[in-house]
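A.B. asks: Contents of upload-v4.pdb (PDB, C-alpha atoms) are below:
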ATOM      1  CA  MET A   1       4.394  10.754 -11.419  1.00  0.00           C
ATOM      2  CA  PHE A   2       6.315   8.281  -9.285  1.00  0.00           C
ATOM      3  CA  GLY A   3       3.239   7.880  -7.085  1.00  0.00           C
ATOM      4  CA  ASP A   4       1.112   6.960 -10.097  1.00  0.00           C
ATOM      5  CA  TRP A   5       3.633   4.356 -11.187  1.00  0.00           C
ATOM      6  CA  PHE A   6       4.053   3.002  -7.654  1.00  0.00           C
ATOM      7  CA  TYR A   7       0.340   2.479  -7.054  1.00  0.00           C
ATOM      8  CA  SER A   8      -0.037   0.895 -10.468  1.00  0.00           C
ATOM      9  CA  VAL A   9       2.283  -1.916  -9.351  1.00  0.00           C
ATOM     10  CA  PRO A  10       0.231  -4.975  -8.273  1.00  0.00           C
ATOM     11  CA  PRO A  11       0.058  -5.653  -4.509  1.00  0.00           C
ATOM     12  CA  VAL A  12       2.411  -8.612  -4.021  1.00  0.00           C
ATOM     13  CA  THR A  13       5.182  -7.070  -6.119  1.00  0.00           C
ATOM     14  CA  ARG A  14       4.665  -3.700  -4.444  1.00  0.00           C
ATOM     15  CA  PHE A  15       4.931  -5.224  -0.972  1.00  0.00           C
ATOM     16  CA  TYR A  16       8.078  -7.127  -1.906  1.00  0.00           C
ATOM     17  CA  ILE A  17       9.766  -3.973  -3.226  1.00  0.00           C
ATOM     18  CA  ILE A  18       8.761  -1.972  -0.130  1.00  0.00           C
ATOM     19  CA  ALA A  19       9.971  -4.696   2.249  1.00  0.00           C
ATOM     20  CA  SER A  20      13.286  -5.071   0.403  1.00  0.00           C
ATOM     21  CA  VAL A  21      14.003  -1.349   0.307  1.00  0.00           C
ATOM     22  CA  ALA A  22      12.953  -0.924   3.961  1.00  0.00           C
ATOM     23  CA  THR A  23      15.182  -3.818   5.066  1.00  0.00           C
ATOM     24  CA  THR A  24      18.200  -2.433   3.223  1.00  0.00           C
ATOM     25  CA  ALA A  25      17.503   1.067   4.578  1.00  0.00           C
ATOM     26  CA  ALA A  26      17.287  -0.311   8.125  1.00  0.00           C
ATOM     27  CA  VAL A  27      20.690  -1.965   7.717  1.00  0.00           C
ATOM     28  CA  SER A  28      22.244   1.129   6.096  1.00  0.00           C
ATOM     29  CA  THR A  29      21.090   3.313   8.994  1.00  0.00           C
ATOM     30  CA  SER A  30      22.303   0.752  11.584  1.00  0.00           C
ATOM     31  CA  ILE A  31      18.818   0.117  12.954  1.00  0.00           C
ATOM     32  CA  VAL A  32      19.532  -3.575  12.447  1.00  0.00           C
ATOM     33  CA  THR A  33      22.511  -5.531  11.198  1.00  0.00           C
ATOM     34  CA  PRO A  34      22.705  -8.378   8.668  1.00  0.00           C
ATOM     35  CA  LEU A  35      23.594 -10.653  11.597  1.00  0.00           C
ATOM     36  CA  GLN A  36      20.055 -10.140  12.879  1.00  0.00           C
ATOM     37  CA  LEU A  37      18.503 -10.988   9.513  1.00  0.00           C
ATOM     38  CA  TYR A  38      20.402 -13.899   8.000  1.00  0.00           C
ATOM     39  CA  LEU A  39      19.017 -17.437   7.979  1.00  0.00           C
ATOM     40  CA  ASN A  40      20.144 -19.422  11.019  1.00  0.00           C
ATOM     41  CA  PHE A  41      18.034 -22.469  11.832  1.00  0.00           C
ATOM     42  CA  SER A  42      19.737 -22.912  15.175  1.00  0.00           C
ATOM     43  CA  LEU A  43      18.531 -19.508  16.347  1.00  0.00           C
ATOM     44  CA  VAL A  44      15.107 -20.154  14.842  1.00  0.00           C
ATOM     45  CA  ALA A  45      14.625 -23.543  16.502  1.00  0.00           C
ATOM     46  CA  LYS A  46      16.565 -23.224  19.746  1.00  0.00           C
ATOM     47  CA  GLY A  47      16.394 -19.474  20.134  1.00  0.00           C
ATOM     48  CA  GLU A  48      18.710 -17.200  22.038  1.00  0.00           C
ATOM     49  CA  VAL A  49      18.706 -16.886  25.806  1.00  0.00           C
ATOM     50  CA  SER A  50      18.254 -13.349  27.078  1.00  0.00           C
ATOM     51  CA  ALA A  51      18.443 -12.275  30.697  1.00  0.00           C
ATOM     52  CA  VAL A  52      16.467  -9.441  32.247  1.00  0.00           C
ATOM     53  CA  GLU A  53      17.494  -8.095  35.655  1.00  0.00           C
ATOM     54  CA  LEU A  54      14.672  -7.842  38.162  1.00  0.00           C
ATOM     55  CA  PRO A  55      15.657  -5.915  41.292  1.00  0.00           C
ATOM     56  CA  SER A  56      14.459  -7.344  44.602  1.00  0.00           C
ATOM     57  CA  PRO A  57      11.895  -5.378  46.602  1.00  0.00           C
ATOM     58  CA  LYS A  58      14.550  -4.478  49.184  1.00  0.00           C
ATOM     59  CA  SER A  59      16.644  -2.722  46.551  1.00  0.00           C
ATOM     60  CA  ARG A  60      13.811  -0.260  45.949  1.00  0.00           C
ATOM     61  CA  ARG A  61      14.304   1.335  49.328  1.00  0.00           C
ATOM     62  CA  SER A  62      15.910   4.716  49.435  1.00  0.00           C
ATOM     63  CA  LYS A  63      19.652   4.680  49.578  1.00  0.00           C
ATOM     64  CA  ALA A  64      19.393   7.031  52.563  1.00  0.00           C
ATOM     65  CA  THR A  65      17.569   4.391  54.592  1.00  0.00           C
ATOM     66  CA  PRO A  66      19.926   2.747  57.100  1.00  0.00           C
ATOM     67  CA  GLN A  67      20.596  -0.916  56.334  1.00  0.00           C
ATOM     68  CA  ILE A  68      22.665  -1.668  59.484  1.00  0.00           C
ATOM     69  CA  GLY A  69      22.437  -5.273  60.509  1.00  0.00           C
ATOM     70  CA  ARG A  70      20.653  -6.295  57.300  1.00  0.00           C
ATOM     71  CA  LYS A  71      21.963  -8.346  54.457  1.00  0.00           C
ATOM     72  CA  GLN A  72      22.607  -6.623  51.156  1.00  0.00           C
ATOM     73  CA  SER A  73      19.658  -6.864  48.749  1.00  0.00           C
ATOM     74  CA  ILE A  74      20.013  -9.222  45.817  1.00  0.00           C
ATOM     75  CA  SER A  75      18.905  -8.688  42.223  1.00  0.00           C
ATOM     76  CA  PHE A  76      17.197 -11.550  40.423  1.00  0.00           C
ATOM     77  CA  PHE A  77      17.514 -12.476  36.777  1.00  0.00           C
ATOM     78  CA  PHE A  78      14.660 -13.631  34.609  1.00  0.00           C
ATOM     79  CA  CYS A  79      15.865 -15.667  31.636  1.00  0.00           C
ATOM     80  CA  SER A  80      13.825 -16.223  28.519  1.00  0.00           C
ATOM     81  CA  ARG A  81      14.538 -18.010  25.249  1.00  0.00           C
ATOM     82  CA  ILE A  82      13.589 -16.035  22.149  1.00  0.00           C
ATOM     83  CA  HIS A  83      12.974 -18.033  18.990  1.00  0.00           C
ATOM     84  CA  GLN A  84      14.080 -15.807  16.112  1.00  0.00           C
ATOM     85  CA  ILE A  85      11.386 -16.872  13.687  1.00  0.00           C
ATOM     86  CA  TRP A  86      11.649 -13.635  11.704  1.00  0.00           C
ATOM     87  CA  ARG A  87      14.843 -14.974  10.098  1.00  0.00           C
ATOM     88  CA  LEU A  88      12.707 -17.298   7.955  1.00  0.00           C
ATOM     89  CA  VAL A  89      11.276 -14.164   6.336  1.00  0.00           C
ATOM     90  CA  THR A  90      14.031 -11.539   6.441  1.00  0.00           C
ATOM     91  CA  THR A  91      16.397 -13.827   4.550  1.00  0.00           C
ATOM     92  CA  PHE A  92      14.248 -13.120   1.463  1.00  0.00           C
ATOM     93  CA  PHE A  93      14.229  -9.335   1.859  1.00  0.00           C
ATOM     94  CA  TYR A  94      17.874  -8.364   2.221  1.00  0.00           C
ATOM     95  CA  PHE A  95      19.745  -7.732  -1.050  1.00  0.00           C
ATOM     96  CA  GLY A  96      22.850  -6.104   0.393  1.00  0.00           C
ATOM     97  CA  ASP A  97      23.824  -2.449   0.617  1.00  0.00           C
ATOM     98  CA  PHE A  98      22.571   0.302  -1.664  1.00  0.00           C
ATOM     99  CA  LYS A  99      24.950  -0.595  -4.479  1.00  0.00           C
ATOM    100  CA  ILE A 100      24.560  -1.329  -8.167  1.00  0.00           C
ATOM    101  CA  ASP A 101      23.696  -4.968  -7.472  1.00  0.00           C
ATOM    102  CA  PHE A 102      20.811  -3.919  -5.233  1.00  0.00           C
ATOM    103  CA  PHE A 103      19.326  -1.628  -7.883  1.00  0.00           C
ATOM    104  CA  PHE A 104      19.686  -4.345 -10.526  1.00  0.00           C
ATOM    105  CA  HIS A 105      17.564  -6.701  -8.432  1.00  0.00           C
ATOM    106  CA  MET A 106      14.999  -4.004  -7.689  1.00  0.00           C
ATOM    107  CA  PHE A 107      14.745  -3.568 -11.457  1.00  0.00           C
ATOM    108  CA  PHE A 108      14.260  -7.319 -11.858  1.00  0.00           C
ATOM    109  CA  LEU A 109      11.504  -7.233  -9.241  1.00  0.00           C
ATOM    110  CA  ALA A 110       9.794  -4.247 -10.810  1.00  0.00           C
ATOM    111  CA  ARG A 111       9.909  -5.808 -14.267  1.00  0.00           C
ATOM    112  CA  TYR A 112       9.612  -9.583 -14.027  1.00  0.00           C
ATOM    113  CA  SER A 113       7.634  -9.926 -10.805  1.00  0.00           C
ATOM    114  CA  ARG A 114       5.235  -7.283 -12.044  1.00  0.00           C
ATOM    115  CA  GLY A 115       5.132  -8.967 -15.440  1.00  0.00           C
ATOM    116  CA  LEU A 116       4.062 -12.220 -13.837  1.00  0.00           C
ATOM    117  CA  GLU A 117       1.489 -10.684 -11.519  1.00  0.00           C
ATOM    118  CA  GLU A 118      -0.034  -8.511 -14.238  1.00  0.00           C
ATOM    119  CA  GLY A 119       0.259 -11.148 -16.949  1.00  0.00           C
ATOM    120  CA  ASN A 120      -0.077 -14.819 -16.115  1.00  0.00           C
ATOM    121  CA  PHE A 121      -1.469 -14.079 -12.641  1.00  0.00           C
ATOM    122  CA  ARG A 122      -3.682 -11.141 -13.576  1.00  0.00           C
ATOM    123  CA  GLY A 123      -6.532 -10.929 -11.084  1.00  0.00           C
ATOM    124  CA  ARG A 124      -4.965 -13.833  -9.147  1.00  0.00           C
ATOM    125  CA  SER A 125      -2.510 -12.190  -6.769  1.00  0.00           C
ATOM    126  CA  ALA A 126      -3.290 -14.880  -4.193  1.00  0.00           C
ATOM    127  CA  ASP A 127      -2.062 -17.539  -6.633  1.00  0.00           C
ATOM    128  CA  TYR A 128       1.096 -15.533  -7.246  1.00  0.00           C
ATOM    129  CA  LEU A 129       1.718 -15.139  -3.524  1.00  0.00           C
ATOM    130  CA  TRP A 130       1.196 -18.882  -3.076  1.00  0.00           C
ATOM    131  CA  MET A 131       3.790 -19.532  -5.775  1.00  0.00           C
ATOM    132  CA  LEU A 132       6.310 -17.408  -3.863  1.00  0.00           C
ATOM    133  CA  ILE A 133       5.454 -19.127  -0.568  1.00  0.00           C
ATOM    134  CA  LEU A 134       5.956 -22.572  -2.094  1.00  0.00           C
ATOM    135  CA  GLY A 135       9.219 -21.513  -3.713  1.00  0.00           C
ATOM    136  CA  ALA A 136      10.473 -19.940  -0.488  1.00  0.00           C
ATOM    137  CA  THR A 137       9.625 -23.110   1.442  1.00  0.00           C
ATOM    138  CA  VAL A 138      11.653 -25.296  -0.917  1.00  0.00           C
ATOM    139  CA  MET A 139      14.570 -22.861  -0.714  1.00  0.00           C
ATOM    140  CA  LEU A 140      14.448 -22.931   3.077  1.00  0.00           C
ATOM    141  CA  CYS A 141      14.766 -26.721   2.900  1.00  0.00           C
ATOM    142  CA  ILE A 142      17.772 -26.475   0.565  1.00  0.00           C
ATOM    143  CA  ALA A 143      19.596 -23.616   2.318  1.00  0.00           C
ATOM    144  CA  PRO A 144      21.057 -25.589   5.297  1.00  0.00           C
ATOM    145  CA  PHE A 145      22.907 -27.970   2.975  1.00  0.00           C
ATOM    146  CA  LEU A 146      24.527 -25.108   1.044  1.00  0.00           C
ATOM    147  CA  ARG A 147      24.919 -22.743   4.002  1.00  0.00           C
ATOM    148  CA  LEU A 148      23.236 -19.829   2.299  1.00  0.00           C
ATOM    149  CA  PRO A 149      22.597 -16.931   4.699  1.00  0.00           C
ATOM    150  CA  PHE A 150      20.294 -14.985   2.365  1.00  0.00           C
ATOM    151  CA  LEU A 151      17.800 -16.332  -0.182  1.00  0.00           C
ATOM    152  CA  SER A 152      16.553 -13.092  -1.745  1.00  0.00           C
ATOM    153  CA  TYR A 153      18.547 -13.622  -4.939  1.00  0.00           C
ATOM    154  CA  CYS A 154      17.231 -17.180  -5.241  1.00  0.00           C
ATOM    155  CA  LEU A 155      13.609 -16.066  -5.025  1.00  0.00           C
ATOM    156  CA  THR A 156      14.168 -13.302  -7.564  1.00  0.00           C
ATOM    157  CA  PHE A 157      15.714 -15.806  -9.951  1.00  0.00           C
ATOM    158  CA  MET A 158      12.732 -18.100  -9.513  1.00  0.00           C
ATOM    159  CA  MET A 159      10.452 -15.236 -10.623  1.00  0.00           C
ATOM    160  CA  ILE A 160      12.648 -14.622 -13.670  1.00  0.00           C
ATOM    161  CA  TYR A 161      12.618 -18.313 -14.617  1.00  0.00           C
ATOM    162  CA  VAL A 162       8.836 -18.696 -14.352  1.00  0.00           C
ATOM    163  CA  TRP A 163       8.303 -15.459 -16.300  1.00  0.00           C
ATOM    164  CA  ALA A 164      10.690 -16.647 -19.009  1.00  0.00           C
ATOM    165  CA  ARG A 165       8.989 -20.029 -19.390  1.00  0.00           C
ATOM    166  CA  ARG A 166       5.514 -18.515 -19.529  1.00  0.00           C
ATOM    167  CA  ASN A 167       6.565 -15.926 -22.111  1.00  0.00           C
ATOM    168  CA  GLU A 168       8.568 -18.238 -24.323  1.00  0.00           C
ATOM    169  CA  HIS A 169       7.671 -16.458 -27.558  1.00  0.00           C
ATOM    170  CA  ASN A 170       9.046 -13.091 -26.433  1.00  0.00           C
ATOM    171  CA  ARG A 171      12.257 -11.853 -28.007  1.00  0.00           C
ATOM    172  CA  LEU A 172      14.700 -10.064 -25.703  1.00  0.00           C
ATOM    173  CA  LEU A 173      17.693  -7.826 -26.348  1.00  0.00           C
ATOM    174  CA  PHE A 174      20.317  -8.025 -23.609  1.00  0.00           C
ATOM    175  CA  LEU A 175      22.571  -4.966 -23.213  1.00  0.00           C
ATOM    176  CA  GLY A 176      21.618  -3.924 -26.712  1.00  0.00           C
ATOM    177  CA  VAL A 177      23.782  -6.687 -28.185  1.00  0.00           C
ATOM    178  CA  LEU A 178      22.532 -10.206 -27.470  1.00  0.00           C
ATOM    179  CA  ASP A 179      19.196 -11.162 -29.040  1.00  0.00           C
ATOM    180  CA  PHE A 180      17.492 -14.336 -27.810  1.00  0.00           C
ATOM    181  CA  ASP A 181      14.179 -15.967 -26.862  1.00  0.00           C
ATOM    182  CA  ALA A 182      12.797 -15.404 -23.364  1.00  0.00           C
ATOM    183  CA  PRO A 183      13.366 -18.988 -22.073  1.00  0.00           C
ATOM    184  CA  TYR A 184      17.118 -18.397 -22.298  1.00  0.00           C
ATOM    185  CA  LEU A 185      16.979 -15.329 -20.032  1.00  0.00           C
ATOM    186  CA  PRO A 186      17.817 -17.115 -16.730  1.00  0.00           C
ATOM    187  CA  TYR A 187      20.849 -18.772 -18.280  1.00  0.00           C
ATOM    188  CA  VAL A 188      22.053 -15.486 -19.783  1.00  0.00           C
ATOM    189  CA  PHE A 189      21.818 -13.870 -16.349  1.00  0.00           C
ATOM    190  CA  CYS A 190      23.585 -16.853 -14.821  1.00  0.00           C
ATOM    191  CA  ALA A 191      26.462 -16.600 -17.331  1.00  0.00           C
ATOM    192  CA  PHE A 192      26.594 -12.841 -16.806  1.00  0.00           C
ATOM    193  CA  SER A 193      26.903 -13.348 -13.043  1.00  0.00           C
ATOM    194  CA  TYR A 194      29.660 -15.951 -13.483  1.00  0.00           C
ATOM    195  CA  PHE A 195      31.555 -13.715 -15.909  1.00  0.00           C
ATOM    196  CA  PHE A 196      31.712 -10.929 -13.310  1.00  0.00           C
ATOM    197  CA  GLY A 197      32.888 -13.242 -10.546  1.00  0.00           C
ATOM    198  CA  GLY A 198      29.593 -13.796  -8.789  1.00  0.00           C
ATOM    199  CA  SER A 199      28.387 -17.055  -7.297  1.00  0.00           C
ATOM    200  CA  VAL A 200      26.037 -18.938  -9.599  1.00  0.00           C
ATOM    201  CA  ILE A 201      24.779 -21.196  -6.807  1.00  0.00           C
ATOM    202  CA  VAL A 202      21.922 -18.848  -5.912  1.00  0.00           C
ATOM    203  CA  ASP A 203      21.039 -18.517  -9.599  1.00  0.00           C
ATOM    204  CA  VAL A 204      20.970 -22.278 -10.078  1.00  0.00           C
ATOM    205  CA  ILE A 205      18.762 -22.731  -7.003  1.00  0.00           C
ATOM    206  CA  GLY A 206      16.302 -20.187  -8.386  1.00  0.00           C
ATOM    207  CA  ILE A 207      16.283 -21.984 -11.736  1.00  0.00           C
ATOM    208  CA  VAL A 208      15.762 -25.416 -10.147  1.00  0.00           C
ATOM    209  CA  VAL A 209      12.962 -24.281  -7.830  1.00  0.00           C
ATOM    210  CA  GLY A 210      11.348 -22.286 -10.632  1.00  0.00           C
ATOM    211  CA  HIS A 211      11.436 -25.323 -12.915  1.00  0.00           C
ATOM    212  CA  ILE A 212       9.877 -27.524 -10.228  1.00  0.00           C
ATOM    213  CA  TYR A 213       6.996 -25.065  -9.907  1.00  0.00           C
ATOM    214  CA  TYR A 214       6.649 -24.688 -13.682  1.00  0.00           C
ATOM    215  CA  PHE A 215       6.573 -28.452 -14.185  1.00  0.00           C
ATOM    216  CA  LEU A 216       4.048 -29.134 -11.411  1.00  0.00           C
ATOM    217  CA  CYS A 217       1.799 -26.212 -12.314  1.00  0.00           C
ATOM    218  CA  ASP A 218       2.002 -26.077 -16.126  1.00  0.00           C
ATOM    219  CA  VAL A 219       3.413 -29.317 -17.534  1.00  0.00           C
ATOM    220  CA  TYR A 220       2.140 -32.070 -15.240  1.00  0.00           C
ATOM    221  CA  PRO A 221      -1.559 -31.042 -15.451  1.00  0.00           C
ATOM    222  CA  LEU A 222      -1.346 -31.272 -19.269  1.00  0.00           C
ATOM    223  CA  MET A 223       0.226 -34.719 -19.027  1.00  0.00           C
ATOM    224  CA  SER A 224      -2.089 -36.199 -16.388  1.00  0.00           C
ATOM    225  CA  GLY A 225      -5.161 -33.994 -16.362  1.00  0.00           C
ATOM    226  CA  ARG A 226      -4.703 -33.444 -12.617  1.00  0.00           C
ATOM    227  CA  THR A 227      -3.890 -30.224 -10.787  1.00  0.00           C
ATOM    228  CA  LEU A 228      -1.386 -30.568  -7.966  1.00  0.00           C
ATOM    229  CA  ILE A 229      -0.957 -26.954  -6.900  1.00  0.00           C
ATOM    230  CA  ARG A 230      -4.033 -25.237  -5.521  1.00  0.00           C
ATOM    231  CA  THR A 231      -4.044 -21.972  -3.605  1.00  0.00           C
ATOM    232  CA  PRO A 232      -5.523 -22.353  -0.104  1.00  0.00           C
ATOM    233  CA  SER A 233      -8.938 -20.716   0.169  1.00  0.00           C
ATOM    234  CA  ILE A 234      -7.868 -18.867   3.311  1.00  0.00           C
ATOM    235  CA  LEU A 235      -5.101 -17.117   1.362  1.00  0.00           C
ATOM    236  CA  THR A 236      -7.519 -16.215  -1.417  1.00  0.00           C
ATOM    237  CA  SER A 237      -9.980 -14.797   1.110  1.00  0.00           C
ATOM    238  CA  LEU A 238      -7.205 -12.813   2.787  1.00  0.00           C
ATOM    239  CA  MET A 239      -6.075 -11.269  -0.481  1.00  0.00           C
ATOM    240  CA  ASP A 240      -9.670 -10.446  -1.377  1.00  0.00           C
ATOM    241  CA  ARG A 241     -10.043  -8.591   1.905  1.00  0.00           C
ATOM    242  CA  VAL A 242      -7.007  -6.422   1.243  1.00  0.00           C
ATOM    243  CA  GLY A 243      -8.310  -5.694  -2.225  1.00  0.00           C
ATOM    244  CA  ALA A 244      -5.726  -7.698  -4.169  1.00  0.00           C
TER     245      ALA A 244
END
Write out the structure in this file as structure tokens.
C.D. replies:
Amino acid sequence: MFGDWFYSVPPVTRFYIIASVATTAAVSTSIVTPLQLYLNFSLVAKGEVSAVELPSPKSRRSKATPQIGRKQSISFFFCSRIHQIWRLVTTFFYFGDFKIDFFFHMFFLARYSRGLEEGNFRGRSADYLWMLILGATVMLCIAPFLRLPFLSYCLTFMMIYVWARRNEHNRLLFLGVLDFDAPYLPYVFCAFSYFFGGSVIVDVIGIVVGHIYYFLCDVYPLMSGRTLIRTPSILTSLMDRVGA
């Protein structure tokens, strides 16, 4: 039954859920640490120097071989600089440990990301992926000024905002008590996060980036008759090849 539900989830949302769960599982089992995943532009741009010891040919001789009158062999070190480019991606996949907050965000992904991909982006998973790429790029530009190590919450909030704006006539019931229209959903979540002592900065970033996308993709074309956001053909072809 779970398998039927899982494979019914559209491809981009399914990949995001798998990557997020796998990243958290890797941290929980100490395969990697959050220090290897967080966003650090210095390590991305300048890299980290690593040294590899390369023994000299003389050191390969048998220890039983007499070395009288010869100088001791010397080991050489080969240094390389590794640019940790993966941090530009892993910052969007780590949601913290397997706690209640993690499962809340997996629920948000399963519901609102899927709702977007099956609703407004039905049959256009490439367009949905392009939306996430554009949003992630803007967030990466903002992150250094706010010193945000992880942007996964921001991207999730962007999904929620775009879903809410494109389903403005939906009525929602929050915690079985609060009844409101869908466009207010991001602000309800933001207030809920603030009430429980969470930082609203990541929520606000998601709202701002989501609104920028919504304006450029939905509002501006109606005002000017011009389309600014177009999915690259190479991305469309790639998604077609994987059957998305």
A.B. asks: In Å, rounded to a single decimal, give me how far CA of Ser233 in chain A is from CA of Gln84 in chain A.
C.D. replies: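 Going from CA of Gln84 in chain A over to CA of Ser233 in chain A, I get 28.4 Å.
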A.B. asks: Would you mind listing, for every residue of range 178-221 of chain A within 12 Å of range 154-161 of chain A, the two atoms forming the shortest contact and the distance between them in Å to one decimal, using all atoms listed in the file, sorted by chain and ascending residue number, as CSV?
C.D. replies:
residue,atom,partner,partner_atom,distance
A:Ala182,CA,A:Tyr161,CA,9.2
A:Pro183,CA,A:Tyr161,CA,7.5
A:Tyr184,CA,A:Tyr161,CA,8.9
A:Leu185,CA,A:Tyr161,CA,7.6
A:Pro186,CA,A:Tyr161,CA,5.7
A:Tyr187,CA,A:Tyr161,CA,9.0
A:Val188,CA,A:Tyr161,CA,11.1
A:Phe189,CA,A:Phe157,CA,9.1
A:Cys190,CA,A:Phe157,CA,9.3
A:Ser193,CA,A:Phe157,CA,11.9
A:Ser199,CA,A:Cys154,CA,11.3
A:Val200,CA,A:Cys154,CA,10.0
A:Ile201,CA,A:Cys154,CA,8.7
A:Val202,CA,A:Cys154,CA,5.0
A:Asp203,CA,A:Cys154,CA,5.9
A:Val204,CA,A:Cys154,CA,8.0
A:Ile205,CA,A:Cys154,CA,6.0
A:Gly206,CA,A:Met158,CA,4.3
A:Ile207,CA,A:Met158,CA,5.7
A:Val208,CA,A:Met158,CA,7.9
A:Val209,CA,A:Met158,CA,6.4
A:Gly210,CA,A:Met158,CA,4.5
A:His211,CA,A:Tyr161,CA,7.3
A:Ile212,CA,A:Met158,CA,9.9
A:Tyr213,CA,A:Met158,CA,9.0
A:Tyr214,CA,A:Tyr161,CA,8.8
A:Phe215,CA,A:Tyr161,CA,11.8
A.B. asks: Using the chain letters and numbers from the file, give me the residues hit by the PyMOL selection byres ((chain A and resi 129) around 12), as a VMD selection string.
C.D. replies: chain A and resid 10 to 16 113 116 to 117 121 123 to 128 130 to 136 159 230 to 232 235 to 236 238 to 239 244
A.B. asks: Quick one, how far is CA of Ser8 in chain A from CA of Ala26 in chain A?
C.D. replies: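 Going from CA of Ser8 in chain A over to CA of Ala26 in chain A, I get 25.4 Å.
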A.B. asks: Give me, please, the distance in Å between CA of Val32 in chain A and CA of Phe103 in chain A, quoted to one decimal.
C.D. replies: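 Atom-to-atom, CA of Val32 in chain A and CA of Phe103 in chain A are spaced 20.4 Å apart.
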A.B. asks: Can you list what the PyMOL selection byres ((chain A and resi 149) around 7) grabs from this structure, as JSON, numbers by chain?
C.D. replies: {"A": [38, 39, 91, 147, 148, 150, 151]}
A.B. asks: Selection in question (the file shown): the PyMOL selection byres ((chain A and resi 34) around 12). Which residues does it include, as a ChimeraX atom specification?
C.D. replies: /A:23-33,35-40,87,90-91,93-97,149-150
A.B. asks: Would you put the residues from that selection into a file with C-alpha atoms, as a compact mmCIF listing (two decimals), in the coordinates of the input?
C.D. replies:
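result07.txt was written with the following content:
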# COMPACT_ATOMS: atom_id res chain seq x y z
CA THR A 23 15.18 -3.82 5.07
CA THR A 24 18.20 -2.43 3.22
CA ALA A 25 17.50 1.07 4.58
CA ALA A 26 17.29 -0.31 8.12
CA VAL A 27 20.69 -1.96 7.72
CA SER A 28 22.24 1.13 6.10
CA THR A 29 21.09 3.31 8.99
CA SER A 30 22.30 0.75 11.58
CA ILE A 31 18.82 0.12 12.95
CA VAL A 32 19.53 -3.58 12.45
CA THR A 33 22.51 -5.53 11.20
CA LEU A 35 23.59 -10.65 11.60
CA GLN A 36 20.06 -10.14 12.88
CA LEU A 37 18.50 -10.99 9.51
CA TYR A 38 20.40 -13.90 8.00
CA LEU A 39 19.02 -17.44 7.98
CA ASN A 40 20.14 -19.42 11.02
CA ARG A 87 14.84 -14.97 10.10
CA THR A 90 14.03 -11.54 6.44
CA THR A 91 16.40 -13.83 4.55
CA PHE A 93 14.23 -9.34 1.86
CA TYR A 94 17.87 -8.36 2.22
CA PHE A 95 19.74 -7.73 -1.05
CA GLY A 96 22.85 -6.10 0.39
CA ASP A 97 23.82 -2.45 0.62
CA PRO A 149 22.60 -16.93 4.70
CA PHE A 150 20.29 -14.98 2.37
A.B. asks: Please determine, counting all atoms listed in the file, which residue among A:Leu146, A:Leu178, A:Leu216, A:Val162 has the shortest atom-to-atom distance to Leu228 in chain A.
C.D. replies: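 Using all atoms listed in the file, the shortest distance to Leu228 in chain A belongs to A:Leu216.
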A.B. asks: From the options A:Ala164, A:Val9, A:Met106, A:Ile142, which residue's atoms come nearest to Asn120 in chain A, counting all atoms listed in the file?
C.D. replies: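 Checking each candidate against Asn120 in chain A, we get A:Ala164 as the closest.
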A.B. asks: Here is a test: counting all atoms listed in the file, which residue of A:Ser237, A:Asn170, A:Thr137, A:Ser224 is nearest to Val89 in chain A?
C.D. replies: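 Looking at the shortest contact to Val89 in chain A, the residue is A:Thr137.
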A.B. asks: When you count only C-alpha atoms, which of these residues is closest to Arg166 in chain A: A:Ala191, A:Ala143, A:Ile85, A:Val219?
C.D. replies: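 Checking each of A:Ala191, A:Ala143, A:Ile85, A:Val219 against Arg166 in chain A, counting only C-alpha atoms, the winner is A:Val219.
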